[in-house]
Amino acid sequence: MKVVILFPHPAAGPTGGYKVAMEYANRMVADGHEVHIIYSGSIYWSRKSAWHKLTCCVRWVERRLKGFSCRGWFPLDERVREHFTLSLCERHVPGGADVYVATSPYTAWYLNRYRTGARRVYFIQGYEDWGPGLRAILHDTYHYPMQKIVVASWLQRLLKEEHGEDSVLVPNGFDFERFRLTVPIEDKDRYCVSMLYHDMPGKDCAMGLRALARVKERHPRLRATLFGVPARPAGLPEWIDYHQRPDDELHLRINNEAAIYIGTSRTEGWGLTVGEAMMCGQAVCCTDNAGFREMATDGVTALVSPVGDDEAMALNIERLLADDALRCRIAAEGHRFIQRFTWERSYELLKTTLGL
């Protein structure tokens, strides 16, 4: 079958939602399907002025010359074909597909206007209400005549209870070769904490840094390791190490050396890094958002604190520092729980849903 996956734009660095869709693309071409990934040079091309369209054309040429592929940060199979188009209007997108997959409200907006008789799928990985442009169309997209696939049970409930729409739940999988336990849980440095750093406000890393600072005042032995796509944040204290775009080997080492991982987000569709931490035997302290709750059960697989509450997060970190038996139990329960989320299981569910 021929499958076309629509992305709003190329991603300059690792992005969770892109990684999930590209993992499926790799598995589809391995099964003999023809897969095309489309990146757009403009959102809402048909609604913009001539001047905007000219500007988009210039930027499109610049991006073409500099390179638009995501293969620099994701091991995308060479058989997956990437395209960078002026827009996602149907005339700019390869035709003749059996299945078109929208990956965001923007791409669903375009796909809903296609005249093709092919199957249309809306792959929903979060509640994407970021910015006025998305909010203006988000709820409308939930009612488009497409097969909806969601990655989390909370999204399935949202669509059904608030919008009356059915969906198929296909939980994300994890790569158990890339992330695995290499340092026994009891041997990890309990005074070492790791955290994802991101400059998106929704990740609320500022709250995480405040929590770490509170713990450091009361536990001088504490040290932290942050990793992320942006450059090292200005003003980060010396006792916090930072790794920009760590490779797989370094990322694995970070997750295994640190005994505790903190997830700070205000909202998440799924919460990839929490699962990766559990795979490596870290005890998780995270905020109480719907995406994290797919994996984090307070007192069982994680210690959960209210969103935005740095003092509560700090107290949970200190509980793990003070009680090593609790840390080991939380880490072990998380490690056992996360084993159910395999890519093999997820891909089988996706294949059944798409009829591949």
# chains A, B, ... in the order shown; residues from 1 in each chain; ligands from 1
call {"tool": "residues_around", "arguments": {"residues": "Arg27 of chain A", "least_positions_apart": "5", "cutoff": "9 Å", "atoms": "only C-alpha atoms", "output": "PyMOL selection string"}}
result
chain A and resi 22+32-33+77+347
call {"tool": "closest_atom_pairs", "arguments": {"of": "segment 289-316 of chain A", "to": "segment 118-142 of chain A", "cutoff": "12 Å", "atoms": "only C-alpha atoms", "output": "JSON lines"}}
result
{"residue": "A:Asn289", "atom": "CA", "partner": "A:Gly126", "partner_atom": "CA", "distance": 11.7}
{"residue": "A:Ala290", "atom": "CA", "partner": "A:Gly126", "partner_atom": "CA", "distance": 9.7}
{"residue": "A:Gly291", "atom": "CA", "partner": "A:Gly126", "partner_atom": "CA", "distance": 8.2}
{"residue": "A:Phe292", "atom": "CA", "partner": "A:Gly126", "partner_atom": "CA", "distance": 11.8}
call {"tool": "write_last_selection", "arguments": {"atoms": "all heavy atoms", "output": "PDB file, in the first residue's frame"}}
result
ATOM      1  N   ASN A 289      -0.085  15.497  35.169  1.00  0.00           N
ATOM      2  CA  ASN A 289      -0.799  15.817  33.930  1.00  0.00           C
ATOM      3  C   ASN A 289      -1.255  14.528  33.265  1.00  0.00           C
ATOM      4  O   ASN A 289      -0.750  13.438  33.558  1.00  0.00           O
ATOM      5  CB  ASN A 289       0.060  16.671  32.988  1.00  0.00           C
ATOM      6  CG  ASN A 289       1.241  15.918  32.409  1.00  0.00           C
ATOM      7  OD1 ASN A 289       1.082  14.968  31.637  1.00  0.00           O
ATOM      8  ND2 ASN A 289       2.456  16.345  32.762  1.00  0.00           N
ATOM      9  N   ALA A 290      -2.218  14.647  32.370  1.00  0.00           N
ATOM     10  CA  ALA A 290      -2.890  13.469  31.821  1.00  0.00           C
ATOM     11  C   ALA A 290      -1.937  12.539  31.083  1.00  0.00           C
ATOM     12  O   ALA A 290      -2.063  11.315  31.173  1.00  0.00           O
ATOM     13  CB  ALA A 290      -4.025  13.909  30.887  1.00  0.00           C
ATOM     14  N   GLY A 291      -0.981  13.097  30.342  1.00  0.00           N
ATOM     15  CA  GLY A 291      -0.052  12.258  29.602  1.00  0.00           C
ATOM     16  C   GLY A 291       0.837  11.431  30.504  1.00  0.00           C
ATOM     17  O   GLY A 291       1.040  10.231  30.276  1.00  0.00           O
ATOM     18  N   PHE A 292       1.381  12.062  31.536  1.00  0.00           N
ATOM     19  CA  PHE A 292       2.219  11.321  32.486  1.00  0.00           C
ATOM     20  C   PHE A 292       1.421  10.237  33.209  1.00  0.00           C
ATOM     21  O   PHE A 292       1.948   9.176  33.550  1.00  0.00           O
ATOM     22  CB  PHE A 292       2.835  12.270  33.513  1.00  0.00           C
ATOM     23  CG  PHE A 292       3.947  13.137  32.994  1.00  0.00           C
ATOM     24  CD1 PHE A 292       4.390  14.238  33.730  1.00  0.00           C
ATOM     25  CD2 PHE A 292       4.568  12.869  31.787  1.00  0.00           C
ATOM     26  CE1 PHE A 292       5.437  15.040  33.267  1.00  0.00           C
ATOM     27  CE2 PHE A 292       5.608  13.665  31.316  1.00  0.00           C
ATOM     28  CZ  PHE A 292       6.038  14.753  32.059  1.00  0.00           C
TER      29      PHE A 292
END
call {"tool": "residues_around", "arguments": {"residues": "Thr342 of chain A", "least_positions_apart": "5", "cutoff": "8 Å", "atoms": "only C-alpha atoms", "output": "ChimeraX atom specification"}}
result
/A:172-176
call {"tool": "select_by_dssp", "arguments": {"residues": "segment 70-301 of chain A", "states": "strand (DSSP E)", "output": "JSON, numbers by chain"}}
result
{"A": [81, 82, 83, 84, 85, 99, 100, 101, 102, 119, 120, 121, 122, 123, 124, 147, 148, 149, 150, 168, 169, 189, 190, 191, 192, 193, 194, 195, 196, 197, 223, 224, 225, 226, 227, 228, 240, 241, 242, 243, 244, 258, 259, 260, 261, 262, 263, 283, 284, 285, 286, 287]}
call {"tool": "write_last_selection", "arguments": {"atoms": "N, CA and C atoms", "output": "compact mmCIF listing (two decimals), in the first residue's frame"}}
result
# COMPACT_ATOMS: atom_id res chain seq x y z
N ARG A 81 10.38 8.13 1.74
CA ARG A 81 10.65 9.28 0.89
C ARG A 81 10.15 10.57 1.56
N GLU A 82 11.04 11.53 1.66
CA GLU A 82 10.70 12.82 2.25
C GLU A 82 10.46 13.86 1.15
N HIS A 83 9.46 14.72 1.37
CA HIS A 83 9.15 15.79 0.43
C HIS A 83 8.95 17.09 1.22
N PHE A 84 9.43 18.18 0.67
CA PHE A 84 9.22 19.50 1.28
C PHE A 84 8.43 20.35 0.28
N THR A 85 7.17 20.60 0.57
CA THR A 85 6.27 21.26 -0.37
C THR A 85 5.96 22.69 0.07
N VAL A 99 -3.70 5.53 1.79
CA VAL A 99 -3.97 6.10 3.11
C VAL A 99 -3.23 7.43 3.23
N TYR A 100 -3.94 8.46 3.70
CA TYR A 100 -3.31 9.73 4.07
C TYR A 100 -3.45 9.88 5.59
N VAL A 101 -2.35 10.28 6.24
CA VAL A 101 -2.35 10.40 7.70
C VAL A 101 -2.04 11.83 8.09
N ALA A 102 -2.96 12.47 8.81
CA ALA A 102 -2.73 13.80 9.38
C ALA A 102 -2.15 13.63 10.77
N ARG A 119 -8.36 6.48 2.03
CA ARG A 119 -8.68 6.49 3.45
C ARG A 119 -7.94 7.64 4.13
N ARG A 120 -8.64 8.34 5.02
CA ARG A 120 -8.05 9.47 5.73
C ARG A 120 -8.02 9.17 7.23
N VAL A 121 -6.84 9.37 7.83
CA VAL A 121 -6.61 9.02 9.23
C VAL A 121 -6.08 10.26 9.96
N TYR A 122 -6.58 10.49 11.15
CA TYR A 122 -6.14 11.60 11.99
C TYR A 122 -5.45 10.99 13.21
N PHE A 123 -4.13 11.15 13.27
CA PHE A 123 -3.30 10.58 14.34
C PHE A 123 -3.12 11.64 15.41
N ILE A 124 -3.79 11.47 16.55
CA ILE A 124 -3.86 12.50 17.59
C ILE A 124 -2.96 12.10 18.75
N GLN A 147 -10.77 8.53 10.25
CA GLN A 147 -10.50 7.55 11.29
C GLN A 147 -9.57 8.20 12.32
N LYS A 148 -10.02 8.29 13.57
CA LYS A 148 -9.18 8.89 14.61
C LYS A 148 -8.41 7.81 15.36
N ILE A 149 -7.11 8.02 15.48
CA ILE A 149 -6.25 7.15 16.28
C ILE A 149 -5.63 8.02 17.36
N VAL A 150 -5.70 7.58 18.61
CA VAL A 150 -5.12 8.33 19.73
C VAL A 150 -4.06 7.48 20.41
N VAL A 168 -9.63 4.96 18.03
CA VAL A 168 -8.93 3.71 18.33
C VAL A 168 -7.68 4.06 19.14
N LEU A 169 -7.49 3.37 20.25
CA LEU A 169 -6.32 3.61 21.11
C LEU A 169 -5.16 2.74 20.64
N ASP A 189 23.42 6.42 41.69
CA ASP A 189 23.75 7.51 42.62
C ASP A 189 22.46 8.20 43.03
N ARG A 190 22.01 7.94 44.25
CA ARG A 190 20.71 8.47 44.67
C ARG A 190 20.69 9.98 44.80
N TYR A 191 21.86 10.61 44.82
CA TYR A 191 21.90 12.08 44.89
C TYR A 191 22.00 12.72 43.51
N CYS A 192 21.86 11.92 42.46
CA CYS A 192 21.92 12.45 41.10
C CYS A 192 20.52 12.40 40.49
N VAL A 193 20.07 13.55 39.97
CA VAL A 193 18.75 13.70 39.37
C VAL A 193 18.91 14.15 37.93
N SER A 194 18.12 13.60 37.02
CA SER A 194 18.16 14.06 35.63
C SER A 194 16.82 14.69 35.25
N MET A 195 16.87 15.52 34.20
CA MET A 195 15.67 16.24 33.76
C MET A 195 15.84 16.65 32.31
N LEU A 196 14.77 16.56 31.54
CA LEU A 196 14.75 17.13 30.19
C LEU A 196 14.65 18.64 30.28
N TYR A 197 15.48 19.35 29.49
CA TYR A 197 15.33 20.80 29.40
C TYR A 197 14.75 21.15 28.05
N ARG A 223 23.31 16.63 42.93
CA ARG A 223 23.76 17.13 41.64
C ARG A 223 22.74 16.73 40.59
N ALA A 224 22.70 17.48 39.51
CA ALA A 224 21.68 17.24 38.48
C ALA A 224 22.32 17.22 37.10
N THR A 225 21.70 16.48 36.21
CA THR A 225 22.12 16.41 34.82
C THR A 225 20.91 16.70 33.95
N LEU A 226 21.03 17.74 33.13
CA LEU A 226 19.97 18.09 32.20
C LEU A 226 20.40 17.76 30.78
N PHE A 227 19.43 17.46 29.95
CA PHE A 227 19.69 17.21 28.53
C PHE A 227 18.56 17.84 27.72
N GLY A 228 18.87 18.22 26.49
CA GLY A 228 17.84 18.83 25.65
C GLY A 228 18.40 19.28 24.32
N ILE A 240 24.93 21.81 38.08
CA ILE A 240 24.04 21.17 37.12
C ILE A 240 24.78 20.98 35.80
N ASP A 241 24.98 19.74 35.39
CA ASP A 241 25.58 19.45 34.09
C ASP A 241 24.51 19.58 33.00
N TYR A 242 24.97 19.95 31.81
CA TYR A 242 24.01 20.05 30.70
C TYR A 242 24.60 19.43 29.45
N HIS A 243 23.80 18.62 28.75
CA HIS A 243 24.22 17.97 27.52
C HIS A 243 23.23 18.34 26.41
N GLN A 244 23.74 19.05 25.41
CA GLN A 244 22.90 19.43 24.28
C GLN A 244 22.90 18.30 23.24
N ALA A 258 21.83 8.51 36.88
CA ALA A 258 20.94 9.25 37.78
C ALA A 258 19.91 8.30 38.36
N ALA A 259 19.69 8.39 39.66
CA ALA A 259 18.72 7.52 40.33
C ALA A 259 17.30 8.03 40.18
N ILE A 260 17.16 9.34 39.96
CA ILE A 260 15.84 9.98 39.94
C ILE A 260 15.68 10.77 38.65
N TYR A 261 14.48 10.72 38.08
CA TYR A 261 14.15 11.55 36.93
C TYR A 261 12.95 12.42 37.31
N ILE A 262 12.99 13.70 36.95
CA ILE A 262 11.84 14.56 37.21
C ILE A 262 11.21 15.01 35.90
N GLY A 263 9.89 14.84 35.81
CA GLY A 263 9.11 15.30 34.67
C GLY A 263 8.29 16.49 35.09
N ALA A 283 13.80 6.21 39.43
CA ALA A 283 12.57 6.52 40.16
C ALA A 283 12.07 7.87 39.65
N VAL A 284 10.81 7.92 39.26
CA VAL A 284 10.25 9.10 38.62
C VAL A 284 9.49 9.96 39.62
N CYS A 285 9.79 11.27 39.60
CA CYS A 285 8.96 12.29 40.24
C CYS A 285 8.41 13.15 39.11
N CYS A 286 7.10 13.27 39.02
CA CYS A 286 6.55 14.02 37.88
C CYS A 286 5.29 14.77 38.29
N THR A 287 4.90 15.66 37.41
CA THR A 287 3.69 16.44 37.62
C THR A 287 2.45 15.64 37.24
call {"tool": "residues_around", "arguments": {"residues": "Arg91 of chain A", "least_positions_apart": "2", "cutoff": "12 Å", "atoms": "only C-alpha atoms", "output": "list in words"}}
result
Ser46, Thr85, Leu86, Ser87, Leu88, Cys89, Val93, Pro94, Gly95, Gly96, Tyr110, Leu111, Arg113, Tyr114, Arg115 and Thr116 of chain A
call {"tool": "closest_residue", "arguments": {"among": "A:Val80, A:Val4, A:Leu236, A:Ile330", "to": "Asn26 of chain A", "atoms": "only C-alpha atoms"}}
result
A:Val80
call {"tool": "select_by_dssp", "arguments": {"residues": "segment 64-289 of chain A", "states": "helix (DSSP H, G or I)", "output": "ChimeraX atom specification"}}
result
/A:64-66,90-92,105-111,131-141,153-163,185-187,201-203,205-218,248-257,272-279
call {"tool": "closest_residue", "arguments": {"among": "A:Trp73, A:Phe7, A:Tyr24, A:Trp270", "to": "Asp248 of chain A", "atoms": "only C-alpha atoms"}}
result
A:Trp73
call {"tool": "closest_residue", "arguments": {"among": "A:Val170, A:Glu165, A:Tyr18, A:His92", "to": "Leu354 of chain A", "atoms": "only C-alpha atoms"}}
result
A:Val170
call {"tool": "closest_residue", "arguments": {"among": "A:Gly269, A:Pro237, A:Pro306, A:Gly202", "to": "Val151 of chain A", "atoms": "only C-alpha atoms"}}
result
A:Gly269
call {"tool": "decode", "arguments": {"residues": "segment 271-287 of chain A", "atoms": "all heavy atoms", "output": "PDB file, in the first residue's frame"}}
result
ATOM      1  N   GLY A 271       4.220  11.677  27.187  1.00  0.00           N
ATOM      2  CA  GLY A 271       5.281  11.767  28.186  1.00  0.00           C
ATOM      3  C   GLY A 271       6.380  10.761  27.946  1.00  0.00           C
ATOM      4  O   GLY A 271       6.664   9.882  28.773  1.00  0.00           O
ATOM      5  N   LEU A 272       7.038  10.896  26.791  1.00  0.00           N
ATOM      6  CA  LEU A 272       8.034   9.930  26.351  1.00  0.00           C
ATOM      7  C   LEU A 272       9.182   9.777  27.334  1.00  0.00           C
ATOM      8  O   LEU A 272       9.612   8.662  27.645  1.00  0.00           O
ATOM      9  CB  LEU A 272       8.562  10.368  24.982  1.00  0.00           C
ATOM     10  CG  LEU A 272       9.466   9.413  24.222  1.00  0.00           C
ATOM     11  CD1 LEU A 272       8.719   8.141  23.856  1.00  0.00           C
ATOM     12  CD2 LEU A 272      10.017  10.089  22.971  1.00  0.00           C
ATOM     13  N   THR A 273       9.706  10.878  27.858  1.00  0.00           N
ATOM     14  CA  THR A 273      10.902  10.794  28.697  1.00  0.00           C
ATOM     15  C   THR A 273      10.637  10.112  30.037  1.00  0.00           C
ATOM     16  O   THR A 273      11.547   9.515  30.617  1.00  0.00           O
ATOM     17  CB  THR A 273      11.512  12.187  28.944  1.00  0.00           C
ATOM     18  OG1 THR A 273      10.515  13.040  29.532  1.00  0.00           O
ATOM     19  CG2 THR A 273      12.001  12.797  27.639  1.00  0.00           C
ATOM     20  N   VAL A 274       9.406  10.187  30.534  1.00  0.00           N
ATOM     21  CA  VAL A 274       9.063   9.467  31.769  1.00  0.00           C
ATOM     22  C   VAL A 274       9.185   7.967  31.543  1.00  0.00           C
ATOM     23  O   VAL A 274       9.753   7.239  32.366  1.00  0.00           O
ATOM     24  CB  VAL A 274       7.645   9.853  32.236  1.00  0.00           C
ATOM     25  CG1 VAL A 274       7.087   8.820  33.207  1.00  0.00           C
ATOM     26  CG2 VAL A 274       7.652  11.221  32.897  1.00  0.00           C
ATOM     27  N   GLY A 275       8.665   7.493  30.411  1.00  0.00           N
ATOM     28  CA  GLY A 275       8.785   6.076  30.092  1.00  0.00           C
ATOM     29  C   GLY A 275      10.227   5.650  29.897  1.00  0.00           C
ATOM     30  O   GLY A 275      10.645   4.574  30.358  1.00  0.00           O
ATOM     31  N   GLU A 276      11.019   6.492  29.232  1.00  0.00           N
ATOM     32  CA  GLU A 276      12.434   6.164  29.021  1.00  0.00           C
ATOM     33  C   GLU A 276      13.185   6.075  30.344  1.00  0.00           C
ATOM     34  O   GLU A 276      14.068   5.227  30.511  1.00  0.00           O
ATOM     35  CB  GLU A 276      13.059   7.202  28.095  1.00  0.00           C
ATOM     36  CG  GLU A 276      12.525   7.134  26.664  1.00  0.00           C
ATOM     37  CD  GLU A 276      12.935   8.322  25.805  1.00  0.00           C
ATOM     38  OE1 GLU A 276      13.443   9.317  26.357  1.00  0.00           O
ATOM     39  OE2 GLU A 276      12.729   8.258  24.582  1.00  0.00           O
ATOM     40  N   ALA A 277      12.837   6.953  31.284  1.00  0.00           N
ATOM     41  CA  ALA A 277      13.461   6.902  32.602  1.00  0.00           C
ATOM     42  C   ALA A 277      13.124   5.597  33.316  1.00  0.00           C
ATOM     43  O   ALA A 277      13.986   4.961  33.934  1.00  0.00           O
ATOM     44  CB  ALA A 277      13.021   8.103  33.440  1.00  0.00           C
ATOM     45  N   MET A 278      11.859   5.186  33.243  1.00  0.00           N
ATOM     46  CA  MET A 278      11.451   3.930  33.871  1.00  0.00           C
ATOM     47  C   MET A 278      12.191   2.745  33.258  1.00  0.00           C
ATOM     48  O   MET A 278      12.577   1.809  33.965  1.00  0.00           O
ATOM     49  CB  MET A 278       9.945   3.741  33.719  1.00  0.00           C
ATOM     50  CG  MET A 278       9.102   4.694  34.537  1.00  0.00           C
ATOM     51  SD  MET A 278       7.336   4.443  34.241  1.00  0.00           S
ATOM     52  CE  MET A 278       6.622   5.614  35.398  1.00  0.00           C
ATOM     53  N   MET A 279      12.395   2.785  31.937  1.00  0.00           N
ATOM     54  CA  MET A 279      13.102   1.696  31.267  1.00  0.00           C
ATOM     55  C   MET A 279      14.521   1.535  31.802  1.00  0.00           C
ATOM     56  O   MET A 279      15.068   0.430  31.794  1.00  0.00           O
ATOM     57  CB  MET A 279      13.142   1.971  29.759  1.00  0.00           C
ATOM     58  CG  MET A 279      11.779   1.894  29.087  1.00  0.00           C
ATOM     59  SD  MET A 279      11.760   2.792  27.524  1.00  0.00           S
ATOM     60  CE  MET A 279      12.808   1.757  26.516  1.00  0.00           C
ATOM     61  N   CYS A 280      15.111   2.636  32.246  1.00  0.00           N
ATOM     62  CA  CYS A 280      16.490   2.612  32.743  1.00  0.00           C
ATOM     63  C   CYS A 280      16.570   2.461  34.258  1.00  0.00           C
ATOM     64  O   CYS A 280      17.656   2.566  34.843  1.00  0.00           O
ATOM     65  CB  CYS A 280      17.215   3.886  32.306  1.00  0.00           C
ATOM     66  SG  CYS A 280      17.391   4.034  30.508  1.00  0.00           S
ATOM     67  N   GLY A 281      15.424   2.246  34.914  1.00  0.00           N
ATOM     68  CA  GLY A 281      15.436   2.002  36.351  1.00  0.00           C
ATOM     69  C   GLY A 281      15.521   3.243  37.201  1.00  0.00           C
ATOM     70  O   GLY A 281      15.931   3.166  38.372  1.00  0.00           O
ATOM     71  N   GLN A 282      15.120   4.395  36.656  1.00  0.00           N
ATOM     72  CA  GLN A 282      15.082   5.606  37.475  1.00  0.00           C
ATOM     73  C   GLN A 282      13.759   5.688  38.226  1.00  0.00           C
ATOM     74  O   GLN A 282      12.700   5.295  37.705  1.00  0.00           O
ATOM     75  CB  GLN A 282      15.238   6.851  36.587  1.00  0.00           C
ATOM     76  CG  GLN A 282      16.612   7.010  35.969  1.00  0.00           C
ATOM     77  CD  GLN A 282      16.692   8.257  35.117  1.00  0.00           C
ATOM     78  OE1 GLN A 282      16.274   8.260  33.970  1.00  0.00           O
ATOM     79  NE2 GLN A 282      17.247   9.322  35.671  1.00  0.00           N
ATOM     80  N   ALA A 283      13.797   6.214  39.431  1.00  0.00           N
ATOM     81  CA  ALA A 283      12.574   6.523  40.161  1.00  0.00           C
ATOM     82  C   ALA A 283      12.066   7.869  39.653  1.00  0.00           C
ATOM     83  O   ALA A 283      12.814   8.842  39.611  1.00  0.00           O
ATOM     84  CB  ALA A 283      12.841   6.583  41.657  1.00  0.00           C
ATOM     85  N   VAL A 284      10.806   7.917  39.264  1.00  0.00           N
ATOM     86  CA  VAL A 284      10.250   9.103  38.623  1.00  0.00           C
ATOM     87  C   VAL A 284       9.491   9.963  39.622  1.00  0.00           C
ATOM     88  O   VAL A 284       8.649   9.468  40.384  1.00  0.00           O
ATOM     89  CB  VAL A 284       9.314   8.699  37.463  1.00  0.00           C
ATOM     90  CG1 VAL A 284       8.530   9.897  36.942  1.00  0.00           C
ATOM     91  CG2 VAL A 284      10.118   8.045  36.342  1.00  0.00           C
ATOM     92  N   CYS A 285       9.792  11.266  39.603  1.00  0.00           N
ATOM     93  CA  CYS A 285       8.964  12.288  40.242  1.00  0.00           C
ATOM     94  C   CYS A 285       8.406  13.147  39.108  1.00  0.00           C
ATOM     95  O   CYS A 285       9.183  13.695  38.320  1.00  0.00           O
ATOM     96  CB  CYS A 285       9.781  13.172  41.181  1.00  0.00           C
ATOM     97  SG  CYS A 285      10.390  12.356  42.651  1.00  0.00           S
ATOM     98  N   CYS A 286       7.102  13.268  39.015  1.00  0.00           N
ATOM     99  CA  CYS A 286       6.551  14.018  37.883  1.00  0.00           C
ATOM    100  C   CYS A 286       5.293  14.767  38.287  1.00  0.00           C
ATOM    101  O   CYS A 286       4.718  14.535  39.346  1.00  0.00           O
ATOM    102  CB  CYS A 286       6.264  13.086  36.701  1.00  0.00           C
ATOM    103  SG  CYS A 286       4.981  11.869  37.013  1.00  0.00           S
ATOM    104  N   THR A 287       4.901  15.657  37.409  1.00  0.00           N
ATOM    105  CA  THR A 287       3.694  16.443  37.619  1.00  0.00           C
ATOM    106  C   THR A 287       2.453  15.643  37.236  1.00  0.00           C
ATOM    107  O   THR A 287       2.511  14.695  36.449  1.00  0.00           O
ATOM    108  CB  THR A 287       3.747  17.737  36.790  1.00  0.00           C
ATOM    109  OG1 THR A 287       4.111  17.414  35.444  1.00  0.00           O
ATOM    110  CG2 THR A 287       4.757  18.703  37.361  1.00  0.00           C
TER     111      THR A 287
END
